[in-house]
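J.: Please find entry_33.txt (compact mmCIF, C-alpha atoms) on the next line:
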```txt
# COMPACT_ATOMS: atom_id res chain seq x y z
CA MET V 7 129.99 137.12 100.84
CA ILE V 8 127.09 139.44 101.62
CA ALA V 9 127.01 141.11 105.03
CA LEU V 10 124.12 139.66 107.03
CA ALA V 11 124.55 140.85 110.61
CA THR V 12 122.87 144.19 111.32
CA PRO V 13 122.26 146.16 114.55
CA LEU V 14 118.80 146.10 116.06
CA ASP V 15 118.60 149.89 116.25
CA ARG V 16 119.52 150.48 112.61
CA PRO V 17 117.36 153.20 110.96
CA VAL V 18 115.19 152.13 108.06
CA VAL V 19 115.56 154.10 104.84
CA GLY V 20 112.45 154.75 102.77
CA GLY V 21 110.17 152.31 104.58
CA PRO V 22 106.40 152.24 104.07
CA PRO V 23 104.04 153.95 106.50
CA PRO V 24 102.60 151.94 109.42
CA ALA V 25 100.02 149.41 108.27
CA GLY V 26 97.23 150.75 110.49
CA PHE V 27 93.96 149.08 111.51
CA GLY V 28 91.13 147.89 109.28
CA LEU V 29 87.74 146.21 109.50
CA TYR V 30 86.91 143.20 107.33
CA VAL V 31 83.20 142.35 106.90
CA HIS V 32 82.42 138.92 105.44
CA TRP V 33 79.14 138.34 103.62
CA PRO V 34 79.13 134.58 102.92
CA PHE V 35 76.25 134.24 100.47
CA CYS V 36 76.42 133.77 96.70
CA ARG V 37 73.90 133.15 93.92
CA ALA V 38 76.01 130.19 92.75
CA LYS V 39 79.28 128.53 93.77
CA CYS V 40 82.10 128.92 91.24
CA PRO V 41 83.91 125.62 90.50
CA TYR V 42 87.35 127.06 91.39
CA CYS V 43 86.31 128.73 94.66
CA ASP V 44 87.31 127.43 98.08
CA PHE V 45 86.23 130.54 100.02
CA ASN V 46 83.67 130.37 102.81
CA SER V 47 80.69 131.00 100.53
CA HIS V 48 77.22 129.45 100.58
CA VAL V 49 74.25 129.37 98.24
CA ALA V 50 71.11 129.99 100.29
CA PRO V 51 67.53 130.19 98.97
CA ALA V 52 66.71 132.98 101.43
CA VAL V 53 68.67 135.13 103.87
CA ASP V 54 67.24 136.93 106.91
CA GLU V 55 69.29 140.02 106.18
CA ALA V 56 67.84 142.04 109.05
CA ARG V 57 69.12 139.49 111.60
CA PHE V 58 72.53 139.30 109.92
CA ALA V 59 72.73 143.09 109.94
CA ARG V 60 72.00 143.18 113.68
CA ALA V 61 74.70 140.60 114.26
CA LEU V 62 77.30 142.53 112.22
CA LEU V 63 76.55 145.69 114.20
CA ALA V 64 76.85 143.75 117.46
CA GLU V 65 80.25 142.46 116.40
CA ILE V 66 81.45 145.99 115.66
CA ASP V 67 80.27 147.04 119.12
CA ARG V 68 82.10 144.10 120.74
CA HIS V 69 85.40 144.97 119.07
CA ALA V 70 85.03 148.65 119.90
CA GLU V 71 84.42 147.85 123.56
CA GLU V 72 87.67 145.86 123.58
CA PHE V 73 89.84 148.29 121.61
CA GLY V 74 88.30 151.66 122.37
CA ARG V 75 87.95 154.37 119.75
CA ARG V 76 91.07 153.44 117.82
CA PRO V 77 91.90 154.95 114.42
CA LEU V 78 90.24 153.11 111.52
CA GLU V 79 91.99 153.24 108.15
CA THR V 80 89.87 150.89 106.00
CA ILE V 81 86.63 148.92 105.77
CA PHE V 82 86.41 146.02 103.33
CA PHE V 83 83.21 144.13 102.43
CA GLY V 84 84.28 140.73 101.08
CA GLY V 85 82.68 137.37 100.48
CA GLY V 86 80.94 135.46 99.21
CA THR V 87 79.18 138.18 97.28
CA PRO V 88 78.70 141.35 99.34
CA SER V 89 76.99 143.08 96.41
CA LEU V 90 74.00 140.87 97.26
CA MET V 91 73.63 142.88 100.47
CA ALA V 92 71.06 145.64 100.55
CA PRO V 93 72.69 149.08 100.36
CA ALA V 94 70.90 149.92 103.62
CA THR V 95 72.79 147.09 105.37
CA VAL V 96 76.10 148.36 104.01
CA ALA V 97 75.23 151.89 105.13
CA ALA V 98 74.37 150.69 108.65
CA VAL V 99 77.69 148.85 109.00
CA ILE V 100 79.67 151.88 107.79
CA GLU V 101 77.75 154.22 110.09
CA ARG V 102 78.28 152.01 113.15
CA ALA V 103 81.99 151.49 112.41
CA CYS V 104 82.54 155.22 112.02
CA ALA V 105 80.63 155.89 115.26
CA ARG V 106 82.54 153.32 117.34
CA PHE V 107 86.03 153.83 115.89
CA ALA V 108 87.92 156.97 114.81
CA PRO V 109 87.70 156.95 111.00
CA ALA V 110 90.57 158.40 109.01
CA ALA V 111 89.77 161.49 106.97
CA ASP V 112 90.50 159.45 103.85
CA LEU V 113 88.86 156.24 105.08
CA GLU V 114 88.97 153.63 102.30
CA ILE V 115 85.71 151.66 102.02
CA THR V 116 85.82 148.82 99.48
CA LEU V 117 83.03 146.49 98.42
CA GLU V 118 83.42 143.44 96.18
CA ALA V 119 80.77 143.12 93.49
CA ASN V 120 79.87 140.87 90.58
CA PRO V 121 78.96 142.27 87.14
CA THR V 122 75.51 140.65 86.93
CA SER V 123 72.61 142.98 86.19
CA VAL V 124 71.06 142.47 89.65
CA GLU V 125 74.21 143.53 91.48
CA VAL V 126 75.21 146.29 89.08
CA GLY V 127 71.79 147.83 89.72
CA ARG V 128 72.82 148.31 93.34
CA LEU V 129 76.10 150.12 92.68
CA ALA V 130 74.57 153.60 92.96
CA GLY V 131 73.04 152.58 96.28
CA PHE V 132 76.41 151.39 97.58
CA ARG V 133 78.01 154.68 96.56
CA ALA V 134 75.27 156.56 98.42
CA ALA V 135 75.88 154.32 101.45
CA GLY V 136 79.48 155.54 101.65
CA VAL V 137 81.45 152.98 99.63
CA ASN V 138 84.24 154.81 97.80
CA ARG V 139 86.04 151.90 96.16
CA VAL V 140 84.56 148.89 94.34
CA SER V 141 86.28 145.70 93.23
CA LEU V 142 84.52 143.83 90.42
CA GLY V 143 84.86 140.08 89.91
CA VAL V 144 85.16 140.18 86.11
CA GLN V 145 87.56 137.18 85.92
CA ALA V 146 87.65 136.98 82.09
CA LEU V 147 86.72 138.93 78.96
CA ASP V 148 85.96 135.81 76.95
CA ASP V 149 82.45 134.35 77.04
CA GLU V 150 83.57 130.75 76.73
CA ALA V 151 86.06 131.21 79.57
CA LEU V 152 83.39 132.84 81.73
CA ARG V 153 81.11 129.84 81.25
CA PHE V 154 83.99 127.51 82.13
CA LEU V 155 84.64 129.52 85.31
CA GLY V 156 80.98 129.28 86.30
CA ARG V 157 80.33 133.01 86.08
CA GLU V 158 76.80 134.33 85.53
CA HIS V 159 77.78 137.32 83.37
CA ASP V 160 79.22 137.67 79.87
CA ALA V 161 82.07 139.88 78.70
CA ALA V 162 79.77 142.68 77.52
CA GLN V 163 78.05 142.83 80.92
CA ALA V 164 81.44 142.84 82.63
CA LEU V 165 82.74 145.81 80.66
CA ALA V 166 79.48 147.71 81.14
CA ALA V 167 79.78 147.15 84.90
CA VAL V 168 83.39 148.37 84.86
CA ASP V 169 82.41 151.52 82.98
CA LEU V 170 79.55 152.19 85.42
CA ALA V 171 81.89 151.69 88.38
CA ALA V 172 84.32 154.18 86.84
CA HIS V 173 81.48 156.69 86.60
CA LEU V 174 80.17 156.17 90.15
CA PHE V 175 83.22 155.59 92.33
CA PRO V 176 86.40 157.61 92.92
CA ARG V 177 88.39 154.36 92.80
CA PHE V 178 87.67 150.98 91.27
CA SER V 179 89.40 147.74 90.37
CA PHE V 180 88.54 144.47 88.70
CA ASP V 181 89.88 140.92 88.76
CA LEU V 182 91.08 138.70 85.94
CA ILE V 183 92.15 135.04 86.00
CA TYR V 184 94.78 133.61 83.65
CA GLY V 185 96.34 130.20 83.26
CA ARG V 186 93.04 128.72 82.11
CA PRO V 187 93.00 125.40 80.22
CA GLY V 188 93.54 125.97 76.51
CA GLN V 189 94.60 129.61 76.94
CA THR V 190 97.40 130.85 74.69
CA ALA V 191 99.82 133.73 75.17
CA ALA V 192 98.39 135.48 72.10
CA ALA V 193 94.83 135.25 73.43
CA TRP V 194 95.92 136.50 76.86
CA ARG V 195 97.77 139.44 75.28
CA ASP V 196 94.57 140.40 73.45
CA GLU V 197 92.44 140.00 76.58
CA LEU V 198 94.77 142.14 78.69
CA GLY V 199 94.80 144.77 75.95
CA ARG V 200 91.00 145.02 76.09
CA ALA V 201 91.08 145.11 79.87
CA LEU V 202 93.52 148.02 79.85
CA GLN V 203 91.15 150.05 77.68
CA HIS V 204 88.71 150.05 80.60
CA ALA V 205 91.06 149.89 83.61
CA GLY V 206 91.47 152.62 86.18
CA GLY V 207 94.24 152.75 88.74
CA HIS V 208 94.18 149.13 89.89
CA LEU V 209 93.95 145.61 88.47
CA SER V 210 94.12 142.24 90.24
CA VAL V 211 95.38 139.44 87.99
CA TYR V 212 95.44 135.93 89.44
CA GLN V 213 96.79 132.65 88.12
CA LEU V 214 94.12 129.94 88.22
CA THR V 215 94.98 127.50 91.00
CA ILE V 216 93.24 124.22 91.68
CA GLU V 217 92.19 124.12 95.33
CA PRO V 218 91.43 120.84 97.15
CA GLY V 219 87.75 120.12 97.61
CA THR V 220 86.58 122.19 94.63
CA PRO V 221 84.84 120.80 91.53
CA PHE V 222 87.89 121.74 89.46
CA HIS V 223 90.04 119.63 91.79
CA LEU V 224 87.90 116.58 91.10
CA LEU V 225 88.02 117.22 87.35
CA GLU V 226 91.80 117.53 87.42
CA ARG V 227 92.18 114.31 89.42
CA THR V 228 90.06 112.40 86.89
CA GLY V 229 91.97 113.86 83.94
CA ALA V 230 88.98 115.84 82.65
CA LEU V 231 90.76 119.16 83.24
CA GLN V 232 94.26 119.77 81.88
CA MET V 233 96.05 122.83 83.23
CA PRO V 234 98.73 124.68 81.21
CA ASP V 235 102.27 123.43 81.82
CA ASP V 236 104.77 125.37 83.93
CA ASP V 237 106.52 126.95 80.93
CA LEU V 238 103.28 128.42 79.60
CA GLN V 239 102.24 129.58 83.07
CA ALA V 240 105.57 131.39 83.40
CA GLU V 241 105.14 132.94 79.94
CA LEU V 242 101.66 134.19 80.86
CA TYR V 243 102.97 135.65 84.13
CA GLU V 244 105.84 137.43 82.40
CA LEU V 245 103.50 138.75 79.71
CA THR V 246 101.23 140.12 82.44
CA GLN V 247 104.13 141.96 84.08
CA GLU V 248 105.29 143.34 80.73
CA LEU V 249 101.94 144.67 79.50
CA LEU V 250 100.66 146.04 82.79
CA GLY V 251 104.02 147.57 83.66
CA ALA V 252 104.17 149.32 80.28
CA ALA V 253 100.67 150.70 80.96
CA GLY V 254 101.78 152.21 84.27
CA LEU V 255 100.22 149.50 86.44
CA ALA V 256 103.30 148.02 88.06
CA ALA V 257 102.98 144.96 90.31
CA TYR V 258 103.11 146.15 93.91
CA GLU V 259 102.16 142.61 95.03
CA ILE V 260 102.36 139.22 93.31
CA SER V 261 98.87 139.46 91.81
CA ASN V 262 98.02 143.14 92.23
CA HIS V 263 98.96 146.03 89.96
CA ALA V 264 98.40 149.74 90.54
CA ARG V 265 99.41 153.22 89.62
CA PRO V 266 101.30 154.99 92.44
CA GLY V 267 98.87 155.84 95.24
CA GLU V 268 96.13 153.53 93.92
CA GLU V 269 97.13 150.43 95.87
CA SER V 270 94.47 148.69 97.96
CA ARG V 271 95.15 150.16 101.39
CA HIS V 272 93.11 147.46 103.09
CA ASN V 273 95.08 144.63 101.50
CA LEU V 274 98.32 146.42 102.38
CA ILE V 275 97.29 146.05 106.02
CA TYR V 276 97.38 142.27 105.51
CA TRP V 277 100.65 142.23 103.59
CA ARG V 278 102.39 144.63 105.99
CA SER V 279 101.20 142.53 108.94
CA GLY V 280 99.00 145.24 110.36
CA ALA V 281 95.94 144.68 112.53
CA TRP V 282 92.38 144.07 111.47
CA ALA V 283 89.14 142.93 113.02
CA GLY V 284 87.31 140.26 111.02
CA ILE V 285 83.55 140.01 111.45
CA GLY V 286 81.03 137.77 109.73
CA PRO V 287 80.93 133.97 109.26
CA GLY V 288 84.41 132.48 108.99
CA ALA V 289 86.17 135.86 109.08
CA HIS V 290 89.79 135.91 110.27
CA GLY V 291 91.47 138.74 112.17
CA ARG V 292 94.85 139.75 113.54
CA LEU V 293 94.86 141.88 116.67
CA ASP V 294 97.75 143.48 118.53
CA LEU V 295 96.80 143.31 122.21
CA ALA V 296 98.65 144.10 125.41
CA GLY V 297 99.77 140.48 125.75
CA GLY V 298 100.92 140.14 122.13
CA ARG V 299 99.55 139.44 118.68
CA VAL V 300 96.58 137.09 118.37
CA ALA V 301 94.81 135.38 115.49
CA THR V 302 91.01 135.24 115.58
CA GLU V 303 88.54 133.18 113.57
CA ALA V 304 84.76 133.40 113.57
CA TRP V 305 82.36 130.47 113.39
CA ARG V 306 82.34 129.37 109.76
CA LEU V 307 78.75 128.28 109.08
CA PRO V 308 76.43 131.28 108.67
CA LYS V 309 73.65 129.82 110.84
CA ALA V 310 76.04 128.89 113.65
CA TRP V 311 77.73 132.30 113.55
CA LEU V 312 74.42 134.16 113.57
CA GLU V 313 72.98 132.18 116.46
CA ARG V 314 76.11 132.60 118.58
CA VAL V 315 76.32 136.34 118.03
CA LEU V 316 72.68 136.90 118.87
CA ARG V 317 72.73 134.45 121.81
CA THR V 318 76.17 135.04 123.38
CA GLY V 319 77.25 138.42 121.98
CA SER V 320 80.24 137.01 120.08
CA GLY V 321 80.76 135.13 116.81
CA GLU V 322 84.42 134.45 117.59
CA ARG V 323 85.23 130.74 117.57
CA THR V 324 88.95 130.86 118.37
CA ARG V 325 91.51 133.35 119.61
CA ALA V 326 95.09 132.11 119.68
CA ALA V 327 98.30 133.92 120.61
CA LEU V 328 100.89 133.74 117.84
CA SER V 329 104.26 132.35 118.85
CA VAL V 330 107.27 134.44 117.93
CA SER V 331 108.24 132.01 115.16
CA GLU V 332 104.69 132.10 113.78
CA GLU V 333 104.75 135.88 113.75
CA VAL V 334 108.18 136.00 112.10
CA GLU V 335 107.04 133.57 109.44
CA GLU V 336 103.85 135.55 108.83
CA VAL V 337 105.78 138.82 108.42
CA LEU V 338 108.04 137.16 105.85
CA VAL V 339 105.35 135.21 104.00
CA MET V 340 103.15 138.27 103.63
CA GLY V 341 105.84 140.92 103.22
CA LEU V 342 107.80 139.18 100.49
CA ARG V 343 104.66 139.17 98.34
CA LEU V 344 105.11 142.94 98.10
CA ALA V 345 107.52 144.68 95.73
CA GLU V 346 108.58 146.86 98.69
CA GLY V 347 109.55 143.75 100.66
CA VAL V 348 110.03 143.37 104.41
CA ASP V 349 111.27 145.96 106.89
CA LEU V 350 114.12 144.07 108.57
CA ALA V 351 114.14 146.33 111.62
CA ARG V 352 110.56 145.39 112.30
CA LEU V 353 111.31 141.71 111.78
CA GLU V 354 114.13 141.94 114.29
CA ARG V 355 111.93 143.75 116.80
CA VAL V 356 109.40 140.93 116.60
CA ALA V 357 112.03 138.23 117.13
CA ARG V 358 114.54 140.12 119.31
CA LEU V 359 117.24 138.63 117.10
CA PRO V 360 119.29 139.94 114.17
CA PHE V 361 117.82 138.63 110.96
CA ASP V 362 120.92 136.59 110.07
CA ARG V 363 119.91 134.34 112.99
CA LEU V 364 116.34 134.12 111.74
CA LEU V 365 117.06 133.09 108.15
CA ASP V 366 119.30 130.47 106.62
CA PRO V 367 122.37 132.55 105.64
CA ALA V 368 123.51 130.20 102.87
CA ALA V 369 120.06 130.22 101.26
CA LEU V 370 119.86 134.00 101.59
CA GLU V 371 123.25 134.50 99.98
CA ARG V 372 122.35 132.13 97.12
CA PHE V 373 119.03 133.86 96.40
CA VAL V 374 120.65 137.31 96.43
CA ALA V 375 123.36 136.08 94.05
CA ASP V 376 120.71 134.58 91.77
CA ARG V 377 118.83 137.93 91.85
CA TRP V 378 115.70 136.39 93.30
CA LEU V 379 116.07 138.54 96.43
CA VAL V 380 117.38 142.05 96.98
CA LEU V 381 118.89 143.14 100.31
CA GLN V 382 119.38 146.88 100.67
CA GLU V 383 118.48 149.92 102.76
CA GLY V 384 117.20 147.84 105.65
CA ARG V 385 114.77 145.85 103.53
CA LEU V 386 114.57 142.36 102.05
CA ALA V 387 112.52 142.13 98.85
CA ALA V 388 111.83 139.53 96.20
CA THR V 389 112.46 140.47 92.59
CA ALA V 390 109.84 139.77 89.91
CA ASP V 391 111.64 136.48 89.19
CA GLY V 392 111.80 135.71 92.89
CA ARG V 393 108.08 136.28 93.42
CA GLN V 394 107.43 133.49 90.91
CA ARG V 395 109.40 131.14 93.20
CA LEU V 396 108.31 132.49 96.55
CA ASN V 397 107.11 129.24 98.12
CA GLY V 398 110.46 127.55 97.56
CA ILE V 399 112.42 130.63 98.65
CA LEU V 400 110.48 130.92 101.90
CA ALA V 401 110.87 127.23 102.68
CA ALA V 402 114.65 127.49 102.26
CA LEU V 403 115.02 130.73 104.23
CA LEU V 404 112.97 129.44 107.16
CA ASP V 405 114.48 125.97 107.33
CA GLY V 406 116.04 125.63 110.77
CA PRO V 407 116.94 129.11 112.06
CA ARG V 408 113.29 130.08 112.68
CA ASP V 409 113.06 127.57 115.56
CA GLN V 410 115.39 129.78 117.60
CA THR V 411 112.88 132.60 117.75
CA ASP V 412 110.60 130.93 120.31
CA ALA V 413 113.42 131.11 122.83
CA ALA V 414 113.47 134.91 122.61
CA PRO V 415 110.81 137.03 124.36
CA PRO V 416 108.72 139.13 122.00
CA SER V 417 108.92 142.91 122.06
CA ARG V 418 106.20 145.11 120.64
```
Would you mind writing the structure in this file as structure tokens?

T.:
Amino acid sequence: MIALATPLDRPVVGGPPPAGFGLYVHWPFCRAKCPYCDFNSHVAPAVDEARFARALLAEIDRHAEEFGRRPLETIFFGGGTPSLMAPATVAAVIERACARFAPAADLEITLEANPTSVEVGRLAGFRAAGVNRVSLGVQALDDEALRFLGREHDAAQALAAVDLAAHLFPRFSFDLIYGRPGQTAAAWRDELGRALQHAGGHLSVYQLTIEPGTPFHLLERTGALQMPDDDLQAELYELTQELLGAAGLAAYEISNHARPGEESRHNLIYWRSGAWAGIGPGAHGRLDLAGGRVATEAWRLPKAWLERVLRTGSGERTRAALSVSEEVEEVLVMGLRLAEGVDLARLERVARLPFDRLLDPAALERFVADRWLVLQEGRLAATADGRQRLNGILAALLDGPRDQTDAAPPSR
């Protein structure tokens, strides 16, 4: 039997630093909608960027008035396609955020970009605006696959954009998607090999998933799109871990690989259940306030969000306090995605219960015995094999005991 009960005041050995506070800026516009994408993105013939810029600045001011001049660790421009923004708009947002919050000396400022010629032409402007990390949506290094994925660039343009980003920015990353219909392990090995010739300190490698409501979902339902079977998906995942690990880019999260110190600090705020303000249409946030932790969501449609910010001073649609069980579940769901796992002392502080009363002890013991989970030094972590099965593991761990947490008062 493994020992599950642990004291609430137990010291944590080798835990990660505090997650900190970040700012997420959502730019919802794209030149075209990719058939696999279920993000809040919109194709618009024209955008009144000056009005949207004023609204983004107003949202920064609103959050700063609520929080004061709190330390700011990261800014992340996501989308949509934020590389369609004018560099002057990006510069204005960065300047206002740094004026209203207390920016860290090593403030990480990331912008997502596509490798099309129009957007690549703006990269120097984004660097001059203050962006110090760029994440490129390459997605594939095969022209046929890029057409299938609805991308507007080819493999040569993608690699040229990566090389330019490496020249302009201190840090850069790019995304790849595997598990595509018809993809073989041999082809994926070759594609990853070419990617590694151009990679820096970070790569994001995602398995293609079919999301409800997307064109790919309709194609799959009608039988026009056949996804790889589970065995091949597992082989592609394991091949990814093998090749990237051998190249020094270990998986620090299920889909994200980095050399030590090159992890996305903004995304670590999410996975470590830190706090962030989300501004822009449909943006989500998590805020730690005097009364507890709250989840925020902005109005989703760009026009509705813009009109509400400019008319009422706020684009926030909902603000809901998280119950203790919701917060416990969020800490586990996000934290077990990370190789470092979950700080159990923090989990217990949230719930005011020892973790053996939060999790199903039989399921926990079984997963540790099967080497899907590791329990040591005050942390619970999923192994590489366990991260492939995380949905099932979480469902089993949280079945039943989590309901007890709402009876305990939160402590923060």

J.: Smallest atom-to-atom distance to Arg314 of chain V: which of V:Ala56, V:Leu350, V:Leu224, V:Pro287, using only C-alpha atoms?

T.: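 Between V:Ala56, V:Leu350, V:Leu224, V:Pro287, the residue approaching Arg314 of chain V most closely is V:Pro287.
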
J.: One decimal, Å: what's the distance from atom CA of Lys309 of chain V over to atom CA of Ser47 of chain V, could you say?

T.: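 Separation of atom CA of Lys309 of chain V and atom CA of Ser47 of chain V: 12.5 Å.
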
J.: Would you mind listing what lies within 12 Å of Leu202 of chain V as a PyMOL selection string, with only C-alpha atoms counted and same-chain residues fewer than 2 positions away left out?

T.: chain V and resi 147+165+168+179-182+195-200+204-211+246+249-255+263-264

J.: Given the point (86.4, 132.2, 116.7) in the file's coordinates, find the residues that have an atom at most 10 Å from it, counting all atoms listed in the file, and give them as a PyMOL selection string.

T.: chain V and resi 284-285+287-291+301-306+311+320-326

J.: At most 12 Å from (71.6, 125.7, 95.8), file frame, only C-alpha atoms: which residues, as a VMD selection string?

T.: chain V and resid 35 to 40 47 to 52

J.: So how many Å separate atom CA of Pro234 of chain V and atom CA of Ile399 of chain V, to one decimal?

T.: 23.0 Å

J.: Set the distance at 12 Å and use only C-alpha atoms: which residues neighbour Ala59 of chain V once local chain neighbours fewer than 5 positions away are removed? I'd like the list as a ChimeraX atom specification.

T.: /V:31-33,53-54,64-66,91-100,102,285-286,312,315-316

J.: Might you pull out every residue within 12 Å of Gly131 of chain V, with all atoms listed in the file counted and same-chain residues fewer than 2 positions away left off, and present them as number ranges by chain?

T.: V: 89-97, 117, 125-129, 133-138, 171, 174-175

J.: Output, as lines of an AutoDock Vina configuration file, the centre and edge lengths in Å (one decimal) of the axis-aligned box that contains all listed atoms of segment 127-141 of chain V with 5 Å of margin on each side.

T.:
```
center_x = 79.0
center_y = 151.1
center_z = 95.7
size_x = 24.5
size_y = 20.9
size_z = 21.9
```

J.: To one decimal in Å, tell me the separation between atom CA of Ser279 of chain V and atom CA of Pro367 of chain V.

T.: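 Pair atom CA of Ser279 of chain V / atom CA of Pro367 of chain V returns 23.6 Å.
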
J.: Write out as a PyMOL selection string each polymer residue whose atoms come within 8 Å of segment 280-283 of chain V, counting all atoms listed in the file; drop sequence neighbours fewer than 4 positions from it.

T.: chain V and resi 24-30+69+275-276+290-294

J.: With only C-alpha atoms as the counted atoms, please give the residues lying no more than 8 Å from segment 391-393 of chain V, apart from itself and same-chain residues fewer than 2 positions off, as a list in words.

T.: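 Close residues of segment 391-393 of chain V: Ile260, Leu342, Arg343, Arg377, Trp378, Leu379, Ala388, Thr389, Arg395, Leu396 and Ile399 of chain V.
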
J.: Could you check the closest approach to Met233 of chain V for each of V:Tyr184, V:Phe178, V:Phe373, V:Phe82 and tell me which residue wins, using only C-alpha atoms?

T.: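 Answer, going by the shortest atom-to-atom distance: V:Tyr184.
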
J.: Measuring between all atoms listed in the file, which one of V:Ile216, V:Leu238, V:Leu152, V:Ala164 shows the shortest distance to Thr190 of chain V?

T.: V:Leu238

J.: Considering only C-alpha atoms, can you say which of V:Leu381, V:Ala193, V:Ala390, V:Leu214 comes closest to Gln247 of chain V?

T.: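 Of the candidates, the smallest distance to Gln247 of chain V is held by V:Ala390.
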
J.: N, CA and C atoms are what I want for segment 373-389 of chain V; can you complete it accordingly and write them as a compact mmCIF listing (two decimals), in the coordinates of the input?

T.:
```
# COMPACT_ATOMS: atom_id res chain seq x y z
N PHE V 373 120.15 133.21 97.07
CA PHE V 373 119.03 133.86 96.40
C PHE V 373 119.37 135.30 96.01
N VAL V 374 120.20 135.97 96.80
CA VAL V 374 120.65 137.31 96.43
C VAL V 374 121.56 137.23 95.20
N ALA V 375 122.45 136.25 95.20
CA ALA V 375 123.36 136.08 94.05
C ALA V 375 122.59 135.73 92.78
N ASP V 376 121.53 134.96 92.93
CA ASP V 376 120.71 134.58 91.77
C ASP V 376 119.73 135.68 91.37
N ARG V 377 119.72 136.79 92.11
CA ARG V 377 118.83 137.93 91.85
C ARG V 377 117.36 137.56 92.00
N TRP V 378 117.08 136.69 92.93
CA TRP V 378 115.70 136.39 93.30
C TRP V 378 115.30 137.23 94.51
N LEU V 379 116.30 137.66 95.29
CA LEU V 379 116.07 138.54 96.43
C LEU V 379 117.01 139.73 96.34
N VAL V 380 116.56 140.85 96.90
CA VAL V 380 117.38 142.05 96.98
C VAL V 380 117.45 142.45 98.45
N LEU V 381 118.66 142.75 98.92
CA LEU V 381 118.89 143.14 100.31
C LEU V 381 119.56 144.49 100.31
N GLN V 382 118.81 145.54 100.66
CA GLN V 382 119.38 146.88 100.67
C GLN V 382 118.51 147.83 101.48
N GLU V 383 119.16 148.85 102.03
CA GLU V 383 118.48 149.92 102.76
C GLU V 383 117.54 149.39 103.84
N GLY V 384 117.99 148.35 104.55
CA GLY V 384 117.20 147.84 105.65
C GLY V 384 115.97 147.06 105.24
N ARG V 385 115.92 146.58 103.99
CA ARG V 385 114.77 145.85 103.53
C ARG V 385 115.21 144.60 102.76
N LEU V 386 114.38 143.57 102.84
CA LEU V 386 114.57 142.36 102.05
C LEU V 386 113.38 142.22 101.13
N ALA V 387 113.62 142.18 99.83
CA ALA V 387 112.52 142.13 98.85
C ALA V 387 112.80 141.06 97.82
N ALA V 388 111.72 140.48 97.31
CA ALA V 388 111.83 139.53 96.20
C ALA V 388 111.74 140.30 94.89
N THR V 389 112.56 139.91 93.93
CA THR V 389 112.46 140.47 92.59
C THR V 389 111.24 139.87 91.89
```
